[in-house]
Amino acid sequence: MEKINIADVSIHNLTMQESLGAIEDLISKGRPSYLGSVNVDMIVRCHKDLDFAQYYQKCFLSLTDGVPILWASKFLGTPLKEKVAGSDLVPKLCALAAAKGYKLFFLGGRPGAAQAAKQKLLNSFPLLKIVGTYAPPFGFEKDIHEMHKIESMIKESRPDIVLVGLGAPKQEKWIGQHYQFLGVPVMMGVGVTFEFIAGIVKRAPAWMQRSGFEWLWRLSMEPQRLWKRYLVDDLQFFSLVLKQKFSQVEVRL
């Protein structure tokens, strides 16, 4: 599969349908693996956090999660095919799982979100096999008993896919530390996707998603939590892309 480099982060150049096919292939192989969704915030974090960067360097499948990533790829002369946002991928993945008999486990989200998302998805896909949902308490990653509990729940339910909604970078670091031990064919961080599906958090209108301004909607929904991410930290993305562009020009000269 072709990979495109955006600010030193590799992204597989796939459409949504091709991504689903790649996930099917990972499940058929049965080896422990994980996916990564690449958006502006993830790229910026990779340049600040070595552990987080290693997660993406070892990623079995990295997907284009955001219109600004598409813009950057075109600006750099290596256009990506399509946005494959995690929140768009999950319902399609559930439809595939229902058709193929894959088993899913939902970990994370605010209390009740994963269970509510399960009920909504079962209404749409009655044959879907969601073999477990669990929202761990705050600080669970420092509680050895809680960690063992989660590991046991996943091991015993033997899912093909584990969706982890703990927020970045916690979900990625947790997956990176546990995917081999748990032996799940596909693990993926999904952020607030459980809340979106459950209707707890309202997603941006479709036109904002298409035009690349979904971040503005998120900011308006949770300004206190997200203002620094979007208005300060993520601005570094533009300088990283410009640096890459200038380096390409220098090579050609």
# chains A, B, ... in the order shown; residues from 1 in each chain; ligands from 1
call {"tool": "residues_around", "arguments": {"residues": "Leu122 (chain A)", "least_positions_apart": "2", "cutoff": "12 Å", "atoms": "only C-alpha atoms", "output": "list in words"}}
result
Pro91, Cys94, Ala95, Ala97, Ala98, Leu104, Gln115, Ala116, Ala117, Lys118, Gln119, Lys120, Ser124, Phe125, Pro126, Leu127, Leu128, Lys129, Ile130, Val131, Ile197 and Ala198 of chain A
call {"tool": "write_last_selection", "arguments": {"atoms": "all heavy atoms", "output": "compact mmCIF listing (two decimals), in the first residue's frame"}}
result
# COMPACT_ATOMS: atom_id res chain seq x y z
N PRO A 91 -19.19 3.38 11.89
CA PRO A 91 -20.47 2.79 11.46
C PRO A 91 -20.33 1.86 10.26
O PRO A 91 -21.00 0.81 10.20
CB PRO A 91 -21.32 4.02 11.10
CG PRO A 91 -20.72 5.13 11.89
CD PRO A 91 -19.24 4.85 11.90
N CYS A 94 -18.91 -1.33 11.48
CA CYS A 94 -19.95 -2.13 12.16
C CYS A 94 -20.84 -2.83 11.15
O CYS A 94 -21.26 -3.98 11.37
CB CYS A 94 -20.77 -1.23 13.08
SG CYS A 94 -19.86 -0.71 14.57
N ALA A 95 -21.15 -2.18 10.05
CA ALA A 95 -21.93 -2.82 8.99
C ALA A 95 -21.17 -4.01 8.42
O ALA A 95 -21.75 -5.09 8.19
CB ALA A 95 -22.24 -1.81 7.88
N ALA A 97 -18.82 -5.71 10.00
CA ALA A 97 -18.74 -6.72 11.07
C ALA A 97 -20.03 -7.52 11.16
O ALA A 97 -20.00 -8.74 11.37
CB ALA A 97 -18.43 -6.04 12.40
N ALA A 98 -21.16 -6.84 11.01
CA ALA A 98 -22.45 -7.53 11.06
C ALA A 98 -22.57 -8.54 9.91
O ALA A 98 -23.09 -9.64 10.09
CB ALA A 98 -23.59 -6.52 11.01
N LEU A 104 -16.97 -7.31 18.27
CA LEU A 104 -16.40 -6.04 18.69
C LEU A 104 -16.48 -5.87 20.20
O LEU A 104 -17.41 -6.37 20.85
CB LEU A 104 -17.12 -4.86 18.03
CG LEU A 104 -16.94 -4.67 16.53
CD1 LEU A 104 -18.00 -5.44 15.75
CD2 LEU A 104 -17.00 -3.19 16.16
N GLN A 115 -22.25 1.88 25.97
CA GLN A 115 -23.45 1.04 26.03
C GLN A 115 -24.57 1.65 25.19
O GLN A 115 -25.29 0.93 24.48
CB GLN A 115 -23.90 0.88 27.49
CG GLN A 115 -25.09 -0.04 27.67
CD GLN A 115 -24.81 -1.48 27.27
OE1 GLN A 115 -23.66 -1.94 27.32
NE2 GLN A 115 -25.84 -2.20 26.85
N ALA A 116 -24.72 2.97 25.26
CA ALA A 116 -25.75 3.64 24.45
C ALA A 116 -25.43 3.53 22.97
O ALA A 116 -26.32 3.33 22.14
CB ALA A 116 -25.86 5.11 24.87
N ALA A 117 -24.14 3.63 22.63
CA ALA A 117 -23.72 3.48 21.23
C ALA A 117 -24.03 2.06 20.76
O ALA A 117 -24.47 1.85 19.61
CB ALA A 117 -22.24 3.79 21.09
N LYS A 118 -23.79 1.09 21.62
CA LYS A 118 -24.10 -0.31 21.29
C LYS A 118 -25.57 -0.47 20.92
O LYS A 118 -25.90 -1.09 19.90
CB LYS A 118 -23.75 -1.21 22.47
CG LYS A 118 -24.20 -2.66 22.29
CD LYS A 118 -23.88 -3.50 23.53
CE LYS A 118 -24.43 -4.91 23.39
NZ LYS A 118 -24.11 -5.76 24.56
N GLN A 119 -26.46 0.09 21.72
CA GLN A 119 -27.89 -0.05 21.45
C GLN A 119 -28.29 0.61 20.14
O GLN A 119 -29.08 0.06 19.37
CB GLN A 119 -28.69 0.56 22.61
CG GLN A 119 -28.53 -0.19 23.93
CD GLN A 119 -28.86 -1.67 23.81
OE1 GLN A 119 -29.85 -2.05 23.20
NE2 GLN A 119 -28.02 -2.51 24.39
N LYS A 120 -27.71 1.79 19.87
CA LYS A 120 -28.01 2.48 18.61
C LYS A 120 -27.53 1.65 17.42
O LYS A 120 -28.24 1.51 16.41
CB LYS A 120 -27.31 3.85 18.58
CG LYS A 120 -27.96 4.92 19.44
CD LYS A 120 -29.20 5.49 18.76
CE LYS A 120 -29.80 6.66 19.52
NZ LYS A 120 -28.99 7.89 19.42
N SER A 124 -29.52 -0.50 14.11
CA SER A 124 -29.21 -0.42 12.67
C SER A 124 -28.71 -1.75 12.12
O SER A 124 -28.98 -2.08 10.96
CB SER A 124 -28.14 0.66 12.44
OG SER A 124 -28.59 1.92 12.85
N PHE A 125 -27.97 -2.49 12.95
CA PHE A 125 -27.36 -3.75 12.50
C PHE A 125 -27.69 -4.85 13.51
O PHE A 125 -26.87 -5.17 14.39
CB PHE A 125 -25.85 -3.59 12.35
CG PHE A 125 -25.42 -2.36 11.61
CD1 PHE A 125 -24.79 -1.31 12.27
CD2 PHE A 125 -25.66 -2.23 10.24
CE1 PHE A 125 -24.39 -0.17 11.60
CE2 PHE A 125 -25.26 -1.10 9.55
CZ PHE A 125 -24.63 -0.06 10.22
N PRO A 126 -28.87 -5.45 13.43
CA PRO A 126 -29.30 -6.43 14.44
C PRO A 126 -28.38 -7.64 14.59
O PRO A 126 -28.34 -8.26 15.65
CB PRO A 126 -30.69 -6.87 13.92
CG PRO A 126 -31.15 -5.73 13.07
CD PRO A 126 -29.92 -5.18 12.43
N LEU A 127 -27.63 -7.96 13.55
CA LEU A 127 -26.74 -9.12 13.61
C LEU A 127 -25.36 -8.79 14.18
O LEU A 127 -24.52 -9.68 14.32
CB LEU A 127 -26.58 -9.73 12.20
CG LEU A 127 -27.86 -10.28 11.56
CD1 LEU A 127 -27.56 -10.83 10.16
CD2 LEU A 127 -28.49 -11.36 12.43
N LEU A 128 -25.14 -7.53 14.51
CA LEU A 128 -23.84 -7.10 15.00
C LEU A 128 -23.53 -7.75 16.35
O LEU A 128 -24.37 -7.78 17.25
CB LEU A 128 -23.82 -5.57 15.15
CG LEU A 128 -22.49 -4.92 15.57
CD1 LEU A 128 -21.40 -5.19 14.53
CD2 LEU A 128 -22.68 -3.42 15.77
N LYS A 129 -22.31 -8.24 16.50
CA LYS A 129 -21.88 -8.90 17.73
C LYS A 129 -20.96 -7.98 18.52
O LYS A 129 -19.76 -7.89 18.24
CB LYS A 129 -21.16 -10.21 17.42
CG LYS A 129 -22.01 -11.24 16.68
CD LYS A 129 -21.19 -12.47 16.32
CE LYS A 129 -22.02 -13.47 15.54
NZ LYS A 129 -21.19 -14.66 15.13
N ILE A 130 -21.53 -7.27 19.49
CA ILE A 130 -20.73 -6.44 20.40
C ILE A 130 -20.63 -7.22 21.70
O ILE A 130 -21.59 -7.33 22.46
CB ILE A 130 -21.38 -5.06 20.60
CG1 ILE A 130 -21.50 -4.33 19.26
CG2 ILE A 130 -20.55 -4.22 21.59
CD1 ILE A 130 -22.20 -2.99 19.33
N VAL A 131 -19.46 -7.78 21.94
CA VAL A 131 -19.30 -8.76 23.02
C VAL A 131 -18.93 -8.13 24.36
O VAL A 131 -18.80 -8.85 25.37
CB VAL A 131 -18.25 -9.82 22.64
CG1 VAL A 131 -18.74 -10.66 21.46
CG2 VAL A 131 -16.90 -9.17 22.30
N ILE A 197 -22.16 8.58 18.23
CA ILE A 197 -23.15 7.57 17.84
C ILE A 197 -24.33 7.57 18.81
O ILE A 197 -25.49 7.47 18.40
CB ILE A 197 -22.50 6.17 17.80
CG1 ILE A 197 -21.47 6.10 16.66
CG2 ILE A 197 -23.56 5.08 17.61
CD1 ILE A 197 -20.63 4.84 16.65
N ALA A 198 -24.02 7.72 20.10
CA ALA A 198 -25.07 7.71 21.12
C ALA A 198 -25.91 8.98 21.14
O ALA A 198 -26.99 9.01 21.73
CB ALA A 198 -24.45 7.49 22.50
call {"tool": "residues_around", "arguments": {"residues": "region 133-144 of chain A", "least_positions_apart": "4", "cutoff": "12 Å", "atoms": "only C-alpha atoms", "output": "number ranges by chain"}}
result
A: 103-119, 129, 148-154, 157, 159, 162-166, 170-171, 173-175, 177-178, 194-195
call {"tool": "closest_residue", "arguments": {"among": "A:Pro32, A:Ser37, A:Ile4, A:Arg45", "to": "Phe237 (chain A)", "atoms": "only C-alpha atoms"}}
result
A:Arg45
call {"tool": "closest_residue", "arguments": {"among": "A:Ile27, A:Val40, A:Ala206, A:Leu93", "to": "Trp71 (chain A)", "atoms": "only C-alpha atoms"}}
result
A:Val40
call {"tool": "residues_around", "arguments": {"residues": "Val67 (chain A)", "least_positions_apart": "5", "cutoff": "8 Å", "atoms": "only C-alpha atoms", "output": "PyMOL selection string"}}
result
chain A and resi 83+209-212
call {"tool": "write_last_selection", "arguments": {"atoms": "N, CA and C atoms", "output": "PDB file, in the first residue's frame"}}
result
ATOM      1  N   LYS A  83     -10.664  11.474   2.712  1.00  0.00           N
ATOM      2  CA  LYS A  83     -10.713  11.505   4.172  1.00  0.00           C
ATOM      3  C   LYS A  83     -11.360  10.219   4.677  1.00  0.00           C
ATOM      4  N   GLN A 209     -18.078  19.334   7.990  1.00  0.00           N
ATOM      5  CA  GLN A 209     -17.170  18.195   7.888  1.00  0.00           C
ATOM      6  C   GLN A 209     -16.475  18.187   6.535  1.00  0.00           C
ATOM      7  N   ARG A 210     -17.250  18.448   5.466  1.00  0.00           N
ATOM      8  CA  ARG A 210     -16.695  18.419   4.111  1.00  0.00           C
ATOM      9  C   ARG A 210     -15.741  19.580   3.856  1.00  0.00           C
ATOM     10  N   SER A 211     -16.028  20.734   4.447  1.00  0.00           N
ATOM     11  CA  SER A 211     -15.250  21.933   4.148  1.00  0.00           C
ATOM     12  C   SER A 211     -14.015  22.101   5.019  1.00  0.00           C
ATOM     13  N   GLY A 212     -13.831  21.209   5.990  1.00  0.00           N
ATOM     14  CA  GLY A 212     -12.642  21.273   6.824  1.00  0.00           C
ATOM     15  C   GLY A 212     -12.778  22.121   8.069  1.00  0.00           C
TER      16      GLY A 212
END
call {"tool": "select_by_dssp", "arguments": {"residues": "region 52-193 of chain A", "states": "alpha helix (DSSP H)", "output": "ChimeraX atom specification"}}
result
/A:52-57,67-75,86-100,113-124,144-157,170-182,193
call {"tool": "residues_around", "arguments": {"residues": "region 48-56 of chain A", "least_positions_apart": "2", "cutoff": "10 Å", "atoms": "only C-alpha atoms", "output": "CSV table (one decimal) with all heavy atoms, in the first residue's frame"}}
result
chain,number,residue,atom,x,y,z
A,8,ASP,N,6.6,14.2,8.4
A,8,ASP,CA,7.3,13.0,9.0
A,8,ASP,C,6.4,12.0,9.6
A,8,ASP,O,6.8,11.1,10.3
A,8,ASP,CB,8.3,13.5,10.1
A,8,ASP,CG,9.4,14.3,9.5
A,8,ASP,OD1,9.8,14.1,8.4
A,8,ASP,OD2,9.9,15.3,10.2
A,9,VAL,N,5.1,12.0,9.2
A,9,VAL,CA,4.1,11.0,9.6
A,9,VAL,C,3.6,10.3,8.4
A,9,VAL,O,3.1,11.0,7.5
A,9,VAL,CB,3.0,11.6,10.5
A,9,VAL,CG1,1.9,10.5,10.8
A,9,VAL,CG2,3.5,12.2,11.8
A,10,SER,N,3.7,9.0,8.3
A,10,SER,CA,3.3,8.3,7.1
A,10,SER,C,1.8,7.9,7.2
A,10,SER,O,1.3,7.5,8.3
A,10,SER,CB,4.1,7.0,7.0
A,10,SER,OG,5.4,7.3,6.7
A,11,ILE,N,1.1,8.1,6.1
A,11,ILE,CA,-0.4,7.9,6.0
A,11,ILE,C,-0.6,7.0,4.8
A,11,ILE,O,-0.1,7.3,3.7
A,11,ILE,CB,-1.2,9.2,5.9
A,11,ILE,CG1,-0.8,10.2,7.0
A,11,ILE,CG2,-2.6,8.9,5.8
A,11,ILE,CD1,-1.4,11.5,6.8
A,34,TYR,N,-2.9,-2.8,15.0
A,34,TYR,CA,-3.7,-1.6,15.4
A,34,TYR,C,-3.7,-0.6,14.3
A,34,TYR,O,-2.8,-0.5,13.4
A,34,TYR,CB,-3.2,-1.0,16.7
A,34,TYR,CG,-1.8,-0.4,16.7
A,34,TYR,CD1,-1.6,0.9,16.2
A,34,TYR,CD2,-0.7,-1.1,17.2
A,34,TYR,CE1,-0.3,1.4,16.2
A,34,TYR,CE2,0.5,-0.6,17.2
A,34,TYR,CZ,0.8,0.6,16.7
A,34,TYR,OH,2.0,1.2,16.7
A,35,LEU,N,-4.7,0.3,14.3
A,35,LEU,CA,-4.9,1.3,13.3
A,35,LEU,C,-4.6,2.7,14.0
A,35,LEU,O,-4.7,2.8,15.2
A,35,LEU,CB,-6.3,1.4,12.8
A,35,LEU,CG,-6.8,0.4,11.7
A,35,LEU,CD1,-6.6,-1.0,12.2
A,35,LEU,CD2,-8.2,0.7,11.3
A,36,GLY,N,-4.3,3.7,13.1
A,36,GLY,CA,-4.1,5.0,13.6
A,36,GLY,C,-4.8,6.0,12.7
A,36,GLY,O,-4.8,5.9,11.5
A,37,SER,N,-5.5,7.0,13.3
A,37,SER,CA,-6.2,8.0,12.6
A,37,SER,C,-5.3,9.3,12.7
A,37,SER,O,-4.9,9.7,13.8
A,37,SER,CB,-7.5,8.3,13.2
A,37,SER,OG,-8.4,7.2,13.0
A,38,VAL,N,-4.9,9.8,11.5
A,38,VAL,CA,-4.0,10.9,11.5
A,38,VAL,C,-4.7,12.2,11.2
A,38,VAL,O,-5.3,12.4,10.1
A,38,VAL,CB,-2.9,10.7,10.4
A,38,VAL,CG1,-1.9,11.9,10.5
A,38,VAL,CG2,-2.1,9.4,10.7
A,42,MET,N,-2.8,15.0,15.9
A,42,MET,CA,-1.9,13.9,16.0
A,42,MET,C,-0.5,14.2,15.5
A,42,MET,O,0.5,13.8,16.1
A,42,MET,CB,-2.5,12.7,15.3
A,42,MET,CG,-3.9,12.3,15.7
A,42,MET,SD,-4.0,11.9,17.5
A,42,MET,CE,-5.7,11.3,17.6
A,43,ILE,N,-0.4,14.8,14.3
A,43,ILE,CA,0.9,15.2,13.7
A,43,ILE,C,1.7,16.1,14.7
A,43,ILE,O,2.9,15.9,14.9
A,43,ILE,CB,0.7,15.8,12.3
A,43,ILE,CG1,0.3,14.7,11.4
A,43,ILE,CG2,2.0,16.4,11.9
A,43,ILE,CD1,0.0,15.1,9.9
A,44,VAL,N,1.0,17.1,15.2
A,44,VAL,CA,1.7,18.0,16.1
A,44,VAL,C,2.2,17.3,17.3
A,44,VAL,O,3.3,17.5,17.8
A,44,VAL,CB,0.8,19.2,16.5
A,44,VAL,CG1,1.4,20.0,17.6
A,44,VAL,CG2,0.5,20.1,15.3
A,45,ARG,N,1.4,16.4,17.9
A,45,ARG,CA,1.8,15.6,19.1
A,45,ARG,C,3.0,14.7,18.8
A,45,ARG,O,3.8,14.5,19.6
A,45,ARG,CB,0.6,14.7,19.5
A,45,ARG,CG,-0.5,15.5,20.3
A,45,ARG,CD,-1.6,14.5,20.7
A,45,ARG,NE,-2.7,15.2,21.3
A,45,ARG,CZ,-2.8,15.5,22.6
A,45,ARG,NH1,-1.8,15.1,23.4
A,45,ARG,NH2,-3.9,16.1,23.1
A,46,CYS,N,3.0,14.2,17.6
A,46,CYS,CA,4.2,13.3,17.2
A,46,CYS,C,5.5,14.0,17.3
A,46,CYS,O,6.5,13.4,17.5
A,46,CYS,CB,4.0,12.7,15.8
A,46,CYS,SG,2.8,11.4,15.7
A,58,LYS,N,5.0,2.6,14.1
A,58,LYS,CA,4.7,1.2,14.0
A,58,LYS,C,3.3,0.8,13.6
A,58,LYS,O,2.9,-0.4,13.6
A,58,LYS,CB,5.0,0.6,15.4
A,58,LYS,CG,6.4,0.8,15.9
A,58,LYS,CD,6.6,0.3,17.3
A,58,LYS,CE,8.0,0.5,17.8
A,58,LYS,NZ,8.2,0.0,19.2
A,59,CYS,N,2.6,1.8,13.2
A,59,CYS,CA,1.1,1.6,12.9
A,59,CYS,C,1.0,0.6,11.7
A,59,CYS,O,1.6,0.8,10.7
A,59,CYS,CB,0.5,3.0,12.5
A,59,CYS,SG,-1.2,3.0,12.7
A,60,PHE,N,0.1,-0.3,11.8
A,60,PHE,CA,-0.2,-1.3,10.8
A,60,PHE,C,-1.0,-0.6,9.7
A,60,PHE,O,-1.0,-1.0,8.5
A,60,PHE,CB,-0.9,-2.5,11.3
A,60,PHE,CG,-0.1,-3.3,12.3
A,60,PHE,CD1,0.1,-2.9,13.6
A,60,PHE,CD2,0.5,-4.5,11.8
A,60,PHE,CE1,0.9,-3.6,14.4
A,60,PHE,CE2,1.3,-5.2,12.7
A,60,PHE,CZ,1.5,-4.8,14.0
A,61,LEU,N,-1.9,0.3,10.0
A,61,LEU,CA,-2.7,1.0,9.0
A,61,LEU,C,-3.0,2.4,9.6
A,61,LEU,O,-3.6,2.6,10.6
A,61,LEU,CB,-4.0,0.2,8.9
A,61,LEU,CG,-5.0,0.7,7.7
A,61,LEU,CD1,-4.3,0.5,6.4
A,61,LEU,CD2,-6.3,-0.1,7.8
A,62,SER,N,-2.6,3.4,8.9
A,62,SER,CA,-2.8,4.8,9.3
A,62,SER,C,-3.7,5.5,8.3
A,62,SER,O,-3.4,5.4,7.1
A,62,SER,CB,-1.4,5.6,9.4
A,62,SER,OG,-0.7,5.5,8.2
A,168,ALA,N,-6.9,11.2,22.8
A,168,ALA,CA,-5.5,11.2,22.6
A,168,ALA,C,-4.8,12.0,23.6
A,168,ALA,O,-5.3,13.0,24.0
A,168,ALA,CB,-5.3,11.7,21.2
A,169,PRO,N,-3.6,11.6,24.0
A,169,PRO,CA,-2.8,10.5,23.5
A,169,PRO,C,-3.0,9.2,24.4
A,169,PRO,O,-2.4,8.2,24.1
A,169,PRO,CB,-1.4,10.9,23.7
A,169,PRO,CG,-1.4,11.8,24.9
A,169,PRO,CD,-2.7,12.5,24.9
A,170,LYS,N,-3.9,9.2,25.3
A,170,LYS,CA,-4.1,8.1,26.2
A,170,LYS,C,-4.5,6.8,25.5
A,170,LYS,O,-3.9,5.7,25.7
A,170,LYS,CB,-5.1,8.4,27.3
A,170,LYS,CG,-5.3,7.3,28.3
A,170,LYS,CD,-6.4,7.6,29.4
A,170,LYS,CE,-5.9,8.7,30.3
A,170,LYS,NZ,-6.9,8.9,31.4
A,172,GLU,N,-4.0,5.9,22.3
A,172,GLU,CA,-2.9,5.4,21.5
A,172,GLU,C,-1.9,4.7,22.3
A,172,GLU,O,-1.4,3.7,22.0
A,172,GLU,CB,-2.3,6.5,20.6
A,172,GLU,CG,-3.2,7.0,19.5
A,172,GLU,CD,-4.3,7.9,19.9
A,172,GLU,OE1,-4.3,8.5,21.0
A,172,GLU,OE2,-5.2,8.2,19.1
A,173,LYS,N,-1.5,5.4,23.5
A,173,LYS,CA,-0.5,4.8,24.3
A,173,LYS,C,-0.9,3.5,24.9
A,173,LYS,O,-0.2,2.5,25.1
A,173,LYS,CB,0.0,5.8,25.3
A,173,LYS,CG,0.7,7.0,24.7
A,173,LYS,CD,1.3,7.9,25.8
A,173,LYS,CE,2.1,9.0,25.2
A,173,LYS,NZ,2.7,10.0,26.2
A,175,ILE,N,-3.2,1.4,23.7
A,175,ILE,CA,-3.2,0.4,22.6
A,175,ILE,C,-1.8,-0.1,22.3
A,175,ILE,O,-1.5,-1.3,22.2
A,175,ILE,CB,-3.8,0.9,21.3
A,175,ILE,CG1,-5.3,1.2,21.5
A,175,ILE,CG2,-3.6,0.0,20.2
A,175,ILE,CD1,-6.0,1.9,20.4
A,176,GLY,N,-0.8,0.8,22.2
A,176,GLY,CA,0.6,0.5,21.9
A,176,GLY,C,1.2,-0.4,23.0
A,176,GLY,O,2.0,-1.3,22.7
A,177,GLN,N,0.8,-0.2,24.2
A,177,GLN,CA,1.3,-1.0,25.3
A,177,GLN,C,0.6,-2.4,25.4
A,177,GLN,O,1.2,-3.3,26.0
A,177,GLN,CB,1.1,-0.3,26.6
A,177,GLN,CG,2.0,1.0,26.7
A,177,GLN,CD,1.6,1.9,27.9
A,177,GLN,OE1,0.6,1.6,28.6
A,177,GLN,NE2,2.2,3.0,28.0
call {"tool": "atom_distance", "arguments": {"atom1": "CA of Pro223 (chain A)", "atom2": "CA of Val201 (chain A)"}}
result
13.8 Å
call {"tool": "closest_residue", "arguments": {"among": "A:Val90, A:Leu80, A:Leu96, A:Ile6", "to": "Gly21 (chain A)", "atoms": "only C-alpha atoms"}}
result
A:Leu96
call {"tool": "select_by_dssp", "arguments": {"residues": "region 10-204 of chain A", "states": "strand (DSSP E)", "output": "PyMOL selection string"}}
result
chain A and resi 10-12+34-38+61-64+103-108+129-134+161-165+186-189
call {"tool": "residues_around", "arguments": {"residues": "Asn13 (chain A)", "least_positions_apart": "2", "cutoff": "8 Å", "atoms": "only C-alpha atoms", "output": "NGL selection string"}}
result
:A and (1-4 or 11 or 15 or 63-64 or 80-82)
call {"tool": "write_last_selection", "arguments": {"atoms": "N, CA and C atoms", "output": "PDB file, in the first residue's frame"}}
result
ATOM      1  N   MET A   1       0.846  -1.208   0.000  1.00  0.00           N
ATOM      2  CA  MET A   1       0.000   0.000   0.000  1.00  0.00           C
ATOM      3  C   MET A   1       0.876   1.251   0.000  1.00  0.00           C
ATOM      4  N   GLU A   2       0.494   2.199  -0.841  1.00  0.00           N
ATOM      5  CA  GLU A   2       1.237   3.452  -0.930  1.00  0.00           C
ATOM      6  C   GLU A   2       1.093   4.275   0.357  1.00  0.00           C
ATOM      7  N   LYS A   3       2.202   4.871   0.783  1.00  0.00           N
ATOM      8  CA  LYS A   3       2.190   5.756   1.943  1.00  0.00           C
ATOM      9  C   LYS A   3       2.593   7.167   1.514  1.00  0.00           C
ATOM     10  N   ILE A   4       1.951   8.146   2.120  1.00  0.00           N
ATOM     11  CA  ILE A   4       2.251   9.551   1.877  1.00  0.00           C
ATOM     12  C   ILE A   4       2.814  10.154   3.151  1.00  0.00           C
ATOM     13  N   ILE A  11       1.086   8.144   6.071  1.00  0.00           N
ATOM     14  CA  ILE A  11      -0.351   7.872   5.992  1.00  0.00           C
ATOM     15  C   ILE A  11      -0.611   6.988   4.782  1.00  0.00           C
ATOM     16  N   THR A  15      -8.894   4.925   0.056  1.00  0.00           N
ATOM     17  CA  THR A  15     -10.267   5.397   0.160  1.00  0.00           C
ATOM     18  C   THR A  15     -10.926   4.708   1.356  1.00  0.00           C
ATOM     19  N   LEU A  63      -4.689   6.199   8.770  1.00  0.00           N
ATOM     20  CA  LEU A  63      -5.747   6.722   7.910  1.00  0.00           C
ATOM     21  C   LEU A  63      -5.857   8.243   7.996  1.00  0.00           C
ATOM     22  N   THR A  64      -6.353   8.840   6.932  1.00  0.00           N
ATOM     23  CA  THR A  64      -6.476  10.294   6.814  1.00  0.00           C
ATOM     24  C   THR A  64      -7.700  10.791   7.561  1.00  0.00           C
ATOM     25  N   LEU A  80      -3.560  12.787  -1.115  1.00  0.00           N
ATOM     26  CA  LEU A  80      -4.240  11.622  -0.570  1.00  0.00           C
ATOM     27  C   LEU A  80      -5.610  11.485  -1.216  1.00  0.00           C
ATOM     28  N   LYS A  81      -6.101  10.263  -1.315  1.00  0.00           N
ATOM     29  CA  LYS A  81      -7.330  10.004  -2.069  1.00  0.00           C
ATOM     30  C   LYS A  81      -8.589  10.551  -1.395  1.00  0.00           C
ATOM     31  N   GLU A  82      -8.677  10.361  -0.073  1.00  0.00           N
ATOM     32  CA  GLU A  82      -9.969  10.598   0.569  1.00  0.00           C
ATOM     33  C   GLU A  82      -9.804  10.706   2.088  1.00  0.00           C
TER      34      GLU A  82
END
call {"tool": "closest_residue", "arguments": {"among": "A:Gly86, A:Gly101, A:Gly132, A:Gly183", "to": "Phe196 (chain A)", "atoms": "only C-alpha atoms"}}
result
A:Gly86
call {"tool": "atom_distance", "arguments": {"atom1": "CA of Gln248 (chain A)", "atom2": "CA of Phe75 (chain A)"}}
result
11.4 Å
call {"tool": "residues_around", "arguments": {"residues": "Gly167 (chain A)", "least_positions_apart": "4", "cutoff": "8 Å", "atoms": "only C-alpha atoms", "output": "PyMOL selection string"}}
result
chain A and resi 171+189-192
call {"tool": "write_last_selection", "arguments": {"atoms": "C-alpha atoms", "output": "PDB file, in the first residue's frame"}}
result
ATOM      1  CA  GLN A 171      -5.896   5.726  23.869  1.00  0.00           C
ATOM      2  CA  GLY A 189      -8.524   4.683  18.963  1.00  0.00           C
ATOM      3  CA  VAL A 190     -11.860   6.381  18.251  1.00  0.00           C
ATOM      4  CA  GLY A 191     -11.913   9.477  20.490  1.00  0.00           C
ATOM      5  CA  VAL A 192     -15.481  10.707  21.068  1.00  0.00           C
TER       6      VAL A 192
END
